[in-house]
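Quick notes on the structure that follows.
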Amino acid sequence: MWLRNFIFSVNGYYELLGIERKLSLDVAELQQRFYERSREWHPDKFARKSEAERQQALDMSSQLNDAYRTLRDPVKRAQYVLSEEGFDVGEQRSRDVPPELLEEVFELNMALEELRGGDETAKEPLEAARSNFERMLEEVDLEMGKLFAAWDAMPARETLAELRGLLNRRKYIQNLIQEVDKELAPAA
Amino acid sequence: MAYSNKVLDHYNHPRNVGSLDKNDPNVGTGMVGAPECGDVMKLQVRVNPETGIIEEAKFKTFGCGSAIASSSLATEWLHGKSVDEALAIKNTDIVNELSLPPVKIHCSVLAEDAIKAAIADYKKKAGTKSDSVAAQ
């Protein structure tokens, strides 16, 4: 058991799938590697093997699944690399969020609140707000791609710090979109 | 998850919602947030410069019921306290008063951070103010 844990803790998701540790990934290639590795470790191939080997094949298959699911999604991939690089991505507190971002999110929330609870006339501005947030999300994703490329070219910590800030902004915007959708959904 | 009665009370009847003039030299503003849950909390205090007592506290929070209740309770507690007493408010006090479950403790942390940020902002303003007085 300890050996298994040891092996898995050394092998990160990138190594597990045998791909270069980059933030910009070719998703088609990633998928191909995942299929190859999954075939290698398919539990059916181990049906006649020892209990320990069968267990190992099962563990590998589930690890490969986790690795693929994490790396194929750009946001999860970025979070994964950030946490591997020692950035705290889960329980961040206010001191890590730039004040301009909080100010902006606060103002957007205020604007949204004014539209909320209104009658049918609020529908149009709410939809306008939604497409505005969608546009902001697209801009964030574009920016994320740039930071990915920058880090792949030169792995600097400042780039990762910037990336984390961007992920926070993304999360806030997604949240605002959810709030708008709640308003736009027909009352149950 | 069931909210405690106290949380529900603050959520349904939030105290001191609103804002103070952030350009008033006696007003301190604290703006904090938690990206994971999309919460933003603004908490403001108006301090009497003669006595150092908080005479008014206002908040506006976008977030879950616990975050709203935590900041609402905080403004209630801040009223009439000195700046130093305000800084002594701990998130655990809020947790206990509202019976917050472990998954909602971060909401009380956010409220404590907001108090500290508001007081720090007031002190910074008060500091620059006395400096400019001294310079005259």
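Convention: chains lettered A, B, ... in structure tokens order; per-chain residue numbering from 1; ligands numbered from 1 as shown.
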Return the neighbours of chain B among the residues of chain A, cut-off 12 Å, counting only C-alpha atoms, as a ChimeraX atom specification.
-> /A:88-113,164-179
Running DSSP on the backbone, which parts of region 34-79 of chain A land in helix (DSSP H, G or I), as a PyMOL selection string?
-> chain A and resi 34-40+43-46+51-72+74-79
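Checking B:Gly65, B:Gly28, B:Pro101, B:Gly52 one by one against Tyr11 (chain B), counting only C-alpha atoms, you find the shortest gap at B:Gly65.
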Long-range neighbours of Val45 (chain B) as a ChimeraX atom specification, 6 Å cut-off, only C-alpha atoms, 6 positions minimum in chain = /B:27-28,56-57
